[in-house]
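Data block for my_file.cif (mmCIF, C-alpha atoms and all ligand atoms):
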data_query
loop_
_atom_site.label_atom_id
_atom_site.label_comp_id
_atom_site.auth_asym_id
_atom_site.auth_seq_id
_atom_site.Cartn_x
_atom_site.Cartn_y
_atom_site.Cartn_z
CA MET Z 18 147.10 192.57 58.35
CA THR Z 19 148.98 192.32 55.09
CA LYS Z 20 147.09 193.44 52.02
CA THR Z 21 149.73 192.29 49.56
CA ALA Z 22 149.14 189.82 46.79
CA PRO Z 23 145.75 188.44 47.80
CA GLU Z 24 145.67 186.64 44.45
CA ARG Z 25 148.34 184.28 45.76
CA MET Z 26 146.26 183.27 48.75
CA GLN Z 27 143.90 180.36 48.68
CA GLU Z 28 140.24 181.28 48.64
CA THR Z 29 139.43 182.81 51.98
CA ASP Z 30 136.16 184.66 51.45
CA VAL Z 31 134.85 184.87 55.00
CA ILE Z 32 131.25 184.12 54.02
CA GLU Z 33 132.16 181.16 51.80
CA LEU Z 34 134.29 179.74 54.60
CA LEU Z 35 131.54 180.08 57.20
CA ILE Z 36 128.89 178.58 54.91
CA ALA Z 37 131.24 175.67 54.18
CA GLN Z 38 131.63 175.21 57.95
CA HIS Z 39 127.85 175.07 58.32
CA GLY Z 40 128.01 172.08 55.94
CA MET Z 41 130.86 170.46 57.91
CA ILE Z 42 128.88 170.90 61.12
CA ARG Z 43 125.88 169.12 59.55
CA ASN Z 44 128.18 166.26 58.47
CA LEU Z 45 129.63 165.92 61.96
CA PHE Z 46 126.13 165.76 63.48
CA ASP Z 47 125.48 162.91 61.01
CA GLU Z 48 128.69 161.16 62.13
CA VAL Z 49 127.79 161.39 65.81
CA GLU Z 50 124.25 160.17 65.14
CA GLN Z 51 125.46 157.24 63.05
CA ALA Z 52 128.25 156.12 65.39
CA PRO Z 53 127.47 152.95 67.35
CA PRO Z 54 126.54 153.56 71.01
CA GLY Z 55 129.72 153.65 73.07
CA GLN Z 56 131.74 154.96 70.12
CA ARG Z 57 130.31 158.44 69.70
CA GLY Z 58 133.05 160.15 71.64
CA ASP Z 59 135.52 160.79 68.82
CA ALA Z 60 133.02 162.34 66.41
CA PHE Z 61 131.41 164.30 69.25
CA THR Z 62 134.80 165.77 70.23
CA ARG Z 63 135.38 166.87 66.63
CA LEU Z 64 131.89 168.41 66.58
CA VAL Z 65 132.52 170.32 69.81
CA ARG Z 66 135.84 171.62 68.45
CA LEU Z 67 134.33 172.74 65.17
CA LEU Z 68 131.40 174.45 66.89
CA ALA Z 69 133.84 176.23 69.22
CA VAL Z 70 135.91 177.35 66.23
CA HIS Z 71 132.93 178.37 64.13
CA GLU Z 72 130.88 180.28 66.67
CA THR Z 73 133.95 182.04 68.08
CA ALA Z 74 135.03 183.10 64.59
CA GLU Z 75 131.57 184.54 63.97
CA GLU Z 76 131.57 186.34 67.31
CA GLU Z 77 135.03 187.80 66.78
CA ILE Z 78 134.88 188.65 63.09
CA VAL Z 79 131.47 188.62 61.45
CA HIS Z 80 129.08 189.82 64.15
CA PRO Z 81 131.17 192.91 65.00
CA TYR Z 82 131.37 193.75 61.30
CA ALA Z 83 127.61 193.32 60.84
CA ARG Z 84 126.87 195.35 63.97
CA ALA Z 85 129.05 198.23 62.81
CA LYS Z 86 128.31 198.29 59.11
CA LEU Z 87 124.83 196.97 58.34
CA ASP Z 88 121.56 198.88 58.62
CA GLY Z 89 119.76 197.23 61.52
CA GLY Z 90 122.90 195.19 62.15
CA ALA Z 91 122.77 195.51 65.93
CA GLY Z 92 119.34 193.86 66.09
CA VAL Z 93 120.30 191.09 63.69
CA VAL Z 94 123.41 190.33 65.75
CA GLU Z 95 121.52 190.39 69.06
CA ASP Z 96 119.14 187.73 67.74
CA ARG Z 97 122.03 185.56 66.52
CA LEU Z 98 123.92 185.88 69.82
CA GLU Z 99 120.85 184.79 71.73
CA GLU Z 100 120.56 181.67 69.56
CA GLU Z 101 124.28 180.96 69.97
CA HIS Z 102 123.99 181.35 73.74
CA GLU Z 103 121.19 178.78 73.95
CA ALA Z 104 123.13 176.27 71.83
CA LYS Z 105 126.30 176.81 73.89
CA LYS Z 106 124.51 176.10 77.16
CA LEU Z 107 123.23 172.80 75.82
CA LEU Z 108 126.63 171.94 74.34
CA GLN Z 109 128.32 172.62 77.66
CA GLU Z 110 125.81 170.39 79.44
CA MET Z 111 126.29 167.55 76.93
CA ASP Z 112 130.07 167.86 77.18
CA GLN Z 113 129.91 167.58 80.97
CA GLU Z 114 127.66 164.52 80.90
CA GLY Z 115 129.57 162.80 78.09
CA PRO Z 116 128.37 161.02 74.94
CA ASP Z 117 127.37 157.83 76.78
CA ALA Z 118 125.01 159.55 79.22
CA PRO Z 119 121.33 158.62 79.08
CA GLY Z 120 119.44 161.19 77.07
CA PHE Z 121 122.50 162.16 75.03
CA MET Z 122 120.87 161.41 71.68
CA ASP Z 123 117.74 163.42 72.56
CA LYS Z 124 119.90 166.36 73.49
CA LEU Z 125 121.94 165.93 70.32
CA LEU Z 126 118.79 166.20 68.21
CA THR Z 127 117.69 169.30 70.12
CA LEU Z 128 121.15 170.83 69.67
CA ARG Z 129 121.17 169.97 65.99
CA ALA Z 130 117.79 171.59 65.39
CA ALA Z 131 118.91 174.74 67.24
CA VAL Z 132 122.30 174.94 65.48
CA GLU Z 133 120.79 174.40 62.03
CA ALA Z 134 117.99 176.94 62.53
CA HIS Z 135 120.63 179.38 63.76
CA ALA Z 136 122.82 178.72 60.70
CA ARG Z 137 119.87 179.32 58.35
CA ALA Z 138 119.08 182.60 60.12
CA GLU Z 139 122.70 183.70 59.78
CA GLU Z 140 122.84 182.89 56.11
CA ARG Z 141 119.53 184.62 55.41
CA TYR Z 142 119.64 187.72 57.63
CA GLU Z 143 123.32 188.37 58.20
CA PHE Z 144 125.62 186.78 55.62
CA ALA Z 145 123.52 187.76 52.60
CA LYS Z 146 123.63 191.42 53.69
CA ILE Z 147 127.36 191.29 54.34
CA VAL Z 148 127.94 189.99 50.81
CA GLN Z 149 125.86 192.87 49.42
CA HIS Z 150 127.80 195.49 51.37
CA THR Z 151 131.40 194.30 51.04
CA THR Z 152 133.99 193.81 48.33
CA GLU Z 153 135.68 190.49 47.70
CA ALA Z 154 138.93 191.92 49.05
CA GLU Z 155 137.23 192.90 52.31
CA ARG Z 156 135.72 189.45 52.68
CA ARG Z 157 139.09 187.85 52.01
CA ALA Z 158 140.72 190.01 54.68
CA LEU Z 159 138.04 189.00 57.20
CA GLY Z 160 138.54 185.36 56.18
CA ALA Z 161 142.11 185.21 57.52
CA GLY Z 162 140.91 184.82 61.10
CA VAL Z 163 138.42 182.12 60.14
CA LYS Z 164 141.18 180.19 58.35
CA ALA Z 165 143.48 180.40 61.36
CA ALA Z 166 140.70 179.16 63.63
CA GLU Z 167 139.66 176.39 61.25
CA ALA Z 168 143.18 174.96 61.27
CA MET Z 169 142.62 174.17 64.95
CA ALA Z 170 139.69 171.82 64.24
CA PRO Z 171 140.29 169.13 61.62
CA THR Z 172 136.96 167.50 60.87
CA HIS Z 173 138.57 164.11 60.22
CA PRO Z 174 141.23 162.51 62.35
CA HIS Z 175 144.56 162.86 60.52
CA PRO Z 176 147.47 160.87 61.87
CA GLY Z 177 150.18 163.33 62.84
CA THR Z 178 148.01 166.44 63.03
CA GLU Z 179 145.59 165.01 65.57
CA SER Z 180 148.03 165.05 68.47
CA ALA Z 181 148.98 168.67 67.78
CA THR Z 182 145.31 169.63 67.61
CA LYS Z 183 144.59 167.81 70.83
CA ASN Z 184 147.17 169.94 72.57
CA ILE Z 185 145.58 173.10 71.29
CA LEU Z 186 141.88 172.44 71.75
CA VAL Z 187 141.24 170.60 74.97
CA GLY Z 188 138.95 170.94 77.95
CA THR Z 189 135.47 172.33 78.09
CA PRO Z 190 133.81 174.06 75.14
CA VAL Z 191 134.31 177.37 76.97
CA ALA Z 192 138.04 176.68 77.37
CA MET Z 193 138.26 175.80 73.66
CA MET Z 194 136.49 179.03 72.72
CA ASP Z 195 138.95 181.06 74.80
CA ARG Z 196 141.87 179.43 72.99
CA VAL Z 197 140.27 179.96 69.58
CA ARG Z 198 139.62 183.62 70.44
CA ASP Z 199 143.33 184.13 71.17
CA VAL Z 200 144.34 182.57 67.85
CA ILE Z 201 141.82 184.66 65.89
CA ARG Z 202 142.89 187.90 67.56
CA GLN Z 203 146.52 187.14 66.75
CA ALA Z 204 145.64 186.30 63.13
CA MET Z 205 143.65 189.52 62.80
CA GLY Z 206 146.43 191.56 64.37
CA LYS Z 207 144.41 192.44 67.49
CA LYS Z 208 146.71 191.45 70.30
CA ASP Z 209 145.38 193.71 73.02
FE FE Z 301 126.68 181.35 64.68
FE FE Z 302 127.29 179.96 61.74
#

Write out the structure in this file as structure tokens.
Amino acid sequence: MTKTAPERMQETDVIELLIAQHGMIRNLFDEVEQAPPGQRGDAFTRLVRLLAVHETAEEEIVHPYARAKLDGGAGVVEDRLEEEHEAKKLLQEMDQEGPDAPGFMDKLLTLRAAVEAHARAEERYEFAKIVQHTTEAERRALGAGVKAAEAMAPTHPHPGTESATKNILVGTPVAMMDRVRDVIRQAMGKKD
């Protein structure tokens, strides 16, 4: 990873990026909830993509850092991974059934509650400690992978970029996460 001229980069503090994504995820839950029945598919697809990007970035970048560097980090990360696993199972189920399936909205509310409780726990028990134990330069370096992943999941449909994104992030949530993982590892210089 290049360490040159970080002042020329846009803001890429890993924790600021992830907290901003927590906000984008809340907004996308709103969009899915507010879409008329029969028209939830587009917003739901963007939500699935962003969750795939976000949780994979945390698993690849932030959790390993917390596990290695924070006092009690292993326990904190185990708790977060368990929450992420539960949310992923539900997401996978909802993706299979589709946004017009009966019971979709109930599941969406359950997923939202789980994802938001998980995000609060991350911010409180993991991110706050990372900020205390890292320099800005370290957080910026860790942010590069999050930026690369985020580029794969526009939260609004943009003419022109949407088709490219579609080609990158398709299929099941698990397939999306695999693709995101590859992109993050390349961005972080971990190719093997
Ligand atoms: Fe997470
Ligand atoms: Fe998160």

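Between CA of Ala138 (chain Z) and CA of Val163 (chain Z) the interatomic distance comes to 19.3 Å.
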
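Restricting the calculation to all atoms listed in the file, the smallest distance between Asn44 (chain Z) and any of Z:Arg157, Z:Arg97, Z:His173, Z:Arg141 is found for Z:His173.
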
Which residues of chain Z come within 12 Å of ligand FE 302 (chain Z), and for each one, what is the closest pair of atoms and their distance in Å to one decimal, counting all atoms listed in the file, sorted by chain and residue number, as a Markdown table?
| residue | atom | partner | partner_atom | distance |
| --- | --- | --- | --- | --- |
| Z:Val31 | CA | Z:FE302 | FE | 11.3 |
| Z:Ile32 | CA | Z:FE302 | FE | 9.6 |
| Z:Glu33 | CA | Z:FE302 | FE | 11.1 |
| Z:Leu34 | CA | Z:FE302 | FE | 10.0 |
| Z:Leu35 | CA | Z:FE302 | FE | 6.2 |
| Z:Ile36 | CA | Z:FE302 | FE | 7.1 |
| Z:Ala37 | CA | Z:FE302 | FE | 9.5 |
| Z:Gln38 | CA | Z:FE302 | FE | 7.5 |
| Z:His39 | CA | Z:FE302 | FE | 6.0 |
| Z:Gly40 | CA | Z:FE302 | FE | 9.8 |
| Z:Met41 | CA | Z:FE302 | FE | 10.8 |
| Z:Ile42 | CA | Z:FE302 | FE | 9.2 |
| Z:Arg43 | CA | Z:FE302 | FE | 11.1 |
| Z:Leu67 | CA | Z:FE302 | FE | 10.7 |
| Z:Leu68 | CA | Z:FE302 | FE | 8.6 |
| Z:Ala69 | CA | Z:FE302 | FE | 10.6 |
| Z:Val70 | CA | Z:FE302 | FE | 10.1 |
| Z:His71 | CA | Z:FE302 | FE | 6.3 |
| Z:Glu72 | CA | Z:FE302 | FE | 6.1 |
| Z:Thr73 | CA | Z:FE302 | FE | 9.4 |
| Z:Ala74 | CA | Z:FE302 | FE | 8.8 |
| Z:Glu75 | CA | Z:FE302 | FE | 6.7 |
| Z:Glu76 | CA | Z:FE302 | FE | 9.5 |
| Z:Ile78 | CA | Z:FE302 | FE | 11.6 |
| Z:Val79 | CA | Z:FE302 | FE | 9.6 |
| Z:His80 | CA | Z:FE302 | FE | 10.3 |
| Z:Val94 | CA | Z:FE302 | FE | 11.8 |
| Z:Arg97 | CA | Z:FE302 | FE | 9.0 |
| Z:Leu98 | CA | Z:FE302 | FE | 10.6 |
| Z:Glu100 | CA | Z:FE302 | FE | 10.5 |
| Z:Glu101 | CA | Z:FE302 | FE | 8.8 |
| Z:Ala104 | CA | Z:FE302 | FE | 11.5 |
| Z:Ala131 | CA | Z:FE302 | FE | 11.3 |
| Z:Val132 | CA | Z:FE302 | FE | 8.0 |
| Z:Glu133 | CA | Z:FE302 | FE | 8.6 |
| Z:Ala134 | CA | Z:FE302 | FE | 9.8 |
| Z:His135 | CA | Z:FE302 | FE | 7.0 |
| Z:Ala136 | CA | Z:FE302 | FE | 4.8 |
| Z:Arg137 | CA | Z:FE302 | FE | 8.2 |
| Z:Ala138 | CA | Z:FE302 | FE | 8.8 |
| Z:Glu139 | CA | Z:FE302 | FE | 6.2 |
| Z:Glu140 | CA | Z:FE302 | FE | 7.8 |
| Z:Arg141 | CA | Z:FE302 | FE | 11.0 |
| Z:Tyr142 | CA | Z:FE302 | FE | 11.6 |
| Z:Glu143 | CA | Z:FE302 | FE | 10.0 |
| Z:Phe144 | CA | Z:FE302 | FE | 9.3 |
| Z:Val163 | CA | Z:FE302 | FE | 11.4 |

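We find CA of Pro81 (chain Z) and CA of Glu95 (chain Z) to be spaced 10.8 Å apart.
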
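Distances to ligand FE 301 (chain Z) were evaluated for Z:Leu125, Z:Val49, Z:Ala85, Z:Val93 using all atoms listed in the file, and the minimum falls at Z:Val93.
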
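In this structure, CA of Asp59 (chain Z) sits 18.1 Å away from CA of Gly120 (chain Z).
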
Glu77 (chain Z) environment, 8 Å, all atoms listed in the file, sequence neighbours closer than 6 positions dropped, as a ChimeraX atom specification: /Z:198,201-202

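Minimum atom-to-atom distance to Asp195 (chain Z), evaluated using all atoms listed in the file, belongs to Z:Arg66 out of Z:Ile147, Z:Gly92, Z:Lys106, Z:Arg66.
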
Choose the residue, out of Z:Val148, Z:Glu99, Z:Ala60, Z:Ala204, that has the smallest atom-to-atom separation from ligand FE 301 (chain Z); count only C-alpha atoms and all ligand atoms. Z:Glu99

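Take the candidates Z:Arg196, Z:Lys164, Z:Lys207, Z:Arg84 and check each one against Thr29 (chain Z) using all atoms listed in the file; the shortest distance goes to Z:Lys164.
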
Best match for closeness to ligand FE 301 (chain Z) among Z:Lys105, Z:Lys146, Z:Arg156, Z:Lys86, counting only C-alpha atoms and all ligand atoms: Z:Lys105

Shell of 10 Å around Phe121 (chain Z), only C-alpha atoms, local chain residues under 6 positions omitted, as a ChimeraX atom specification: /Z:110-112,114-115,127

Once you have the residues from the selection above, write them out as an mmCIF file, keeping the file's coordinate frame, restricted to C-alpha atoms.
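Generated output (selection13.cif):
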data_model
loop_
_atom_site.group_PDB
_atom_site.id
_atom_site.type_symbol
_atom_site.label_atom_id
_atom_site.label_comp_id
_atom_site.auth_asym_id
_atom_site.auth_seq_id
_atom_site.Cartn_x
_atom_site.Cartn_y
_atom_site.Cartn_z
ATOM 1 C CA GLU Z 110 125.810 170.390 79.440
ATOM 2 C CA MET Z 111 126.290 167.550 76.930
ATOM 3 C CA ASP Z 112 130.070 167.860 77.180
ATOM 4 C CA GLU Z 114 127.660 164.520 80.900
ATOM 5 C CA GLY Z 115 129.570 162.800 78.090
ATOM 6 C CA THR Z 127 117.690 169.300 70.120
#
